[in-house]
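Chemist: Let me give you the structure first, and then I'll get to my questions.
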Amino acid sequence: MQWGLDTFQQGRYQDTVYLLEEFSENSLEFNSPDYLTDQMWLMKAYQKTGKTERAKILWQKLINSDNQQVREWAEQDRPFFSSVATRSKAGRTATMGFSLAIAGVAGSLALASGVTIALLFGMVFVLSLSVVLIYISSDPLTDLAIAIGITLIFNREQRDFVR
């Protein structure tokens, strides 16, 4: 953990995140002073690297800690996370606009899927009709030729429709 704190003081925040995340994963005592210190500095490193959602998740854990000193330390960052909440709402608005733009594409995909399914049912219908004609016919070879012709015509119509 000390390496993580040293890299933070040197301004190497990405290295700090890596080292402190590794320490957190290997820690067995979640209420130990070392673990809590690690979480506090990891939150700061997340802030410095722009990973505000991760920082906020850690801050919420720290602000609700059983340790009074940790809660007081985390309380100092309340203004930062209050402003992050305001910015994230604005970000969600932009995301919603993006989602609405995608809805048009989804509608086109639904139409294409519906057309494809209808064409598949049409092919099955033509094939079934052809089999019935061949089965009940007195001249199966002629009906086979008719069935092949109907299938080719139907396939050409499908190809033209899809284009």
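Chain lettering (A, B, ...) mirrors the order of the structure tokens, residue numbering begins at 1 for each chain separately, and ligand numbering begins at 1 in order of display.
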Please provide as number ranges by chain all residues within 10 Å of Tyr46 (chain A), with the sequence filter that same-chain residues fewer than 2 positions apart are discarded (counting only C-alpha atoms).
Modeler: A: 13-14, 16-17, 41-44, 48-56, 58
Chemist: If you keep all heavy atoms, can you produce a file of those selected residues as a compact mmCIF listing (two decimals), in the first residue's frame?
Modeler:
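result_7.txt, freshly written:
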# COMPACT_ATOMS: atom_id res chain seq x y z
N TYR A 13 -1.07 9.02 -10.94
CA TYR A 13 -2.37 8.58 -10.42
C TYR A 13 -2.84 7.25 -11.01
O TYR A 13 -3.46 6.45 -10.32
CB TYR A 13 -3.42 9.68 -10.64
CG TYR A 13 -3.00 10.98 -10.02
CD1 TYR A 13 -2.79 12.11 -10.81
CD2 TYR A 13 -2.78 11.09 -8.65
CE1 TYR A 13 -2.39 13.31 -10.23
CE2 TYR A 13 -2.38 12.28 -8.07
CZ TYR A 13 -2.18 13.39 -8.87
OH TYR A 13 -1.79 14.56 -8.31
N GLN A 14 -2.53 7.01 -12.27
CA GLN A 14 -2.94 5.73 -12.88
C GLN A 14 -2.21 4.56 -12.21
O GLN A 14 -2.80 3.52 -11.95
CB GLN A 14 -2.68 5.76 -14.39
CG GLN A 14 -3.38 4.66 -15.15
CD GLN A 14 -4.89 4.70 -15.01
OE1 GLN A 14 -5.52 5.75 -15.09
NE2 GLN A 14 -5.50 3.57 -14.76
N THR A 16 -1.15 4.66 -9.18
CA THR A 16 -1.76 4.61 -7.84
C THR A 16 -3.01 3.75 -7.86
O THR A 16 -3.20 2.88 -7.00
CB THR A 16 -2.11 6.03 -7.35
OG1 THR A 16 -0.94 6.83 -7.37
CG2 THR A 16 -2.71 5.99 -5.96
N VAL A 17 -3.86 3.98 -8.87
CA VAL A 17 -5.09 3.19 -8.98
C VAL A 17 -4.74 1.72 -9.08
O VAL A 17 -5.32 0.88 -8.38
CB VAL A 17 -5.93 3.66 -10.20
CG1 VAL A 17 -7.03 2.66 -10.52
CG2 VAL A 17 -6.51 5.04 -9.94
N TRP A 41 -7.41 6.74 -0.29
CA TRP A 41 -6.49 7.23 -1.32
C TRP A 41 -6.89 6.71 -2.70
O TRP A 41 -6.66 7.39 -3.71
CB TRP A 41 -5.05 6.86 -0.97
CG TRP A 41 -4.57 7.72 0.16
CD1 TRP A 41 -4.41 7.36 1.46
CD2 TRP A 41 -4.27 9.11 0.08
NE1 TRP A 41 -4.01 8.44 2.20
CE2 TRP A 41 -3.91 9.53 1.38
CE3 TRP A 41 -4.26 10.05 -0.94
CZ2 TRP A 41 -3.54 10.84 1.67
CZ3 TRP A 41 -3.89 11.36 -0.66
CH2 TRP A 41 -3.54 11.74 0.64
N LEU A 42 -7.48 5.55 -2.75
CA LEU A 42 -7.98 5.03 -4.03
C LEU A 42 -9.10 5.95 -4.55
O LEU A 42 -9.16 6.26 -5.74
CB LEU A 42 -8.48 3.60 -3.87
CG LEU A 42 -8.99 2.91 -5.13
CD1 LEU A 42 -7.93 2.89 -6.23
CD2 LEU A 42 -9.42 1.48 -4.80
N MET A 43 -9.96 6.41 -3.66
CA MET A 43 -11.01 7.34 -4.06
C MET A 43 -10.40 8.62 -4.63
O MET A 43 -10.82 9.11 -5.68
CB MET A 43 -11.89 7.68 -2.86
CG MET A 43 -13.05 8.60 -3.21
SD MET A 43 -13.79 9.41 -1.77
CE MET A 43 -12.58 10.67 -1.42
N LYS A 44 -9.37 9.13 -3.98
CA LYS A 44 -8.69 10.34 -4.47
C LYS A 44 -8.04 10.08 -5.83
O LYS A 44 -8.10 10.94 -6.73
CB LYS A 44 -7.62 10.81 -3.47
CG LYS A 44 -8.18 11.39 -2.20
CD LYS A 44 -8.81 12.73 -2.50
CE LYS A 44 -9.17 13.44 -1.20
NZ LYS A 44 -9.90 14.68 -1.48
N LYS A 48 -8.66 11.90 -9.50
CA LYS A 48 -7.59 12.49 -10.30
C LYS A 48 -7.54 11.92 -11.72
O LYS A 48 -7.13 12.59 -12.65
CB LYS A 48 -6.22 12.29 -9.63
CG LYS A 48 -6.08 13.02 -8.32
CD LYS A 48 -5.96 14.50 -8.53
CE LYS A 48 -5.60 15.19 -7.23
NZ LYS A 48 -5.49 16.63 -7.39
N THR A 49 -7.97 10.66 -11.88
CA THR A 49 -7.94 10.04 -13.21
C THR A 49 -9.26 10.18 -13.95
O THR A 49 -9.43 9.63 -15.04
CB THR A 49 -7.57 8.54 -13.10
OG1 THR A 49 -8.49 7.88 -12.24
CG2 THR A 49 -6.14 8.36 -12.61
N GLY A 50 -10.21 10.89 -13.35
CA GLY A 50 -11.49 11.13 -14.03
C GLY A 50 -12.49 10.00 -13.89
O GLY A 50 -13.51 10.00 -14.56
N LYS A 51 -12.22 9.05 -13.03
CA LYS A 51 -13.15 7.92 -12.82
C LYS A 51 -14.09 8.29 -11.68
O LYS A 51 -14.07 7.69 -10.60
CB LYS A 51 -12.37 6.65 -12.52
CG LYS A 51 -11.47 6.23 -13.68
CD LYS A 51 -10.64 5.03 -13.34
CE LYS A 51 -9.75 4.66 -14.52
NZ LYS A 51 -8.84 3.58 -14.21
N THR A 52 -14.93 9.28 -11.95
CA THR A 52 -15.75 9.85 -10.88
C THR A 52 -16.82 8.88 -10.38
O THR A 52 -17.17 8.93 -9.20
CB THR A 52 -16.41 11.16 -11.34
OG1 THR A 52 -17.11 10.93 -12.56
CG2 THR A 52 -15.38 12.25 -11.54
N GLU A 53 -17.33 8.01 -11.25
CA GLU A 53 -18.35 7.05 -10.77
C GLU A 53 -17.74 6.09 -9.75
O GLU A 53 -18.34 5.79 -8.73
CB GLU A 53 -18.95 6.26 -11.93
CG GLU A 53 -20.16 6.91 -12.57
CD GLU A 53 -21.26 7.30 -11.59
OE1 GLU A 53 -21.70 6.47 -10.78
OE2 GLU A 53 -21.66 8.47 -11.64
N ARG A 54 -16.54 5.60 -10.05
CA ARG A 54 -15.87 4.70 -9.10
C ARG A 54 -15.55 5.44 -7.81
O ARG A 54 -15.68 4.89 -6.72
CB ARG A 54 -14.59 4.13 -9.71
CG ARG A 54 -14.85 3.12 -10.80
CD ARG A 54 -13.55 2.55 -11.27
NE ARG A 54 -13.76 1.59 -12.35
CZ ARG A 54 -12.79 0.93 -12.94
NH1 ARG A 54 -11.54 1.10 -12.56
NH2 ARG A 54 -13.06 0.08 -13.89
N ALA A 55 -15.09 6.69 -7.96
CA ALA A 55 -14.77 7.50 -6.77
C ALA A 55 -16.02 7.70 -5.93
O ALA A 55 -15.98 7.61 -4.70
CB ALA A 55 -14.18 8.84 -7.20
N LYS A 56 -17.13 7.95 -6.58
CA LYS A 56 -18.38 8.20 -5.85
C LYS A 56 -18.83 6.95 -5.09
O LYS A 56 -19.30 7.04 -3.95
CB LYS A 56 -19.47 8.66 -6.80
CG LYS A 56 -20.73 9.08 -6.09
CD LYS A 56 -21.75 9.65 -7.05
CE LYS A 56 -22.97 10.09 -6.30
NZ LYS A 56 -23.97 10.67 -7.18
N LEU A 58 -16.91 4.58 -3.91
CA LEU A 58 -16.04 4.45 -2.73
C LEU A 58 -16.39 5.50 -1.69
O LEU A 58 -16.43 5.21 -0.48
CB LEU A 58 -14.57 4.62 -3.13
CG LEU A 58 -13.83 3.36 -3.51
CD1 LEU A 58 -12.39 3.67 -3.87
CD2 LEU A 58 -13.88 2.34 -2.40
Chemist: Expressed in Å to a single decimal, how great is the separation between CA of Val70 (chain A) and CA of Met40 (chain A)?
Modeler: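 We find that CA of Val70 (chain A) and CA of Met40 (chain A) lie 8.0 Å from each other.
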Chemist: Looking at A:Ala74, A:Ala45, A:Leu28, A:Ala110, which one is nearest to Thr7 (chain A), with distances taken over only C-alpha atoms?
Modeler: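 Using only C-alpha atoms, Thr7 (chain A) sits closest to A:Ala45.
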Chemist: Find the spatial neighbours of Val131 (chain A), counting only C-alpha atoms, within a cut-off of 8 Å - ignore same-chain residues fewer than 4 positions away - and output them as a short mmCIF file (atom, residue, chain, number, x, y, z; two decimals) with N, CA, C and O atoms, in the first residue's frame.
Modeler:
data_model
loop_
_atom_site.label_atom_id
_atom_site.label_comp_id
_atom_site.auth_asym_id
_atom_site.auth_seq_id
_atom_site.Cartn_x
_atom_site.Cartn_y
_atom_site.Cartn_z
N LEU A 127 -43.19 -24.00 -50.59
CA LEU A 127 -42.60 -25.34 -50.52
C LEU A 127 -43.66 -26.37 -50.13
O LEU A 127 -43.75 -27.45 -50.74
N TYR A 135 -47.37 -34.72 -54.37
CA TYR A 135 -47.86 -35.93 -53.71
C TYR A 135 -49.20 -36.39 -54.27
O TYR A 135 -49.42 -37.59 -54.45
N ALA A 147 -43.41 -26.87 -59.39
CA ALA A 147 -42.99 -26.46 -58.05
C ALA A 147 -41.67 -25.71 -58.09
O ALA A 147 -41.49 -24.69 -57.42
#
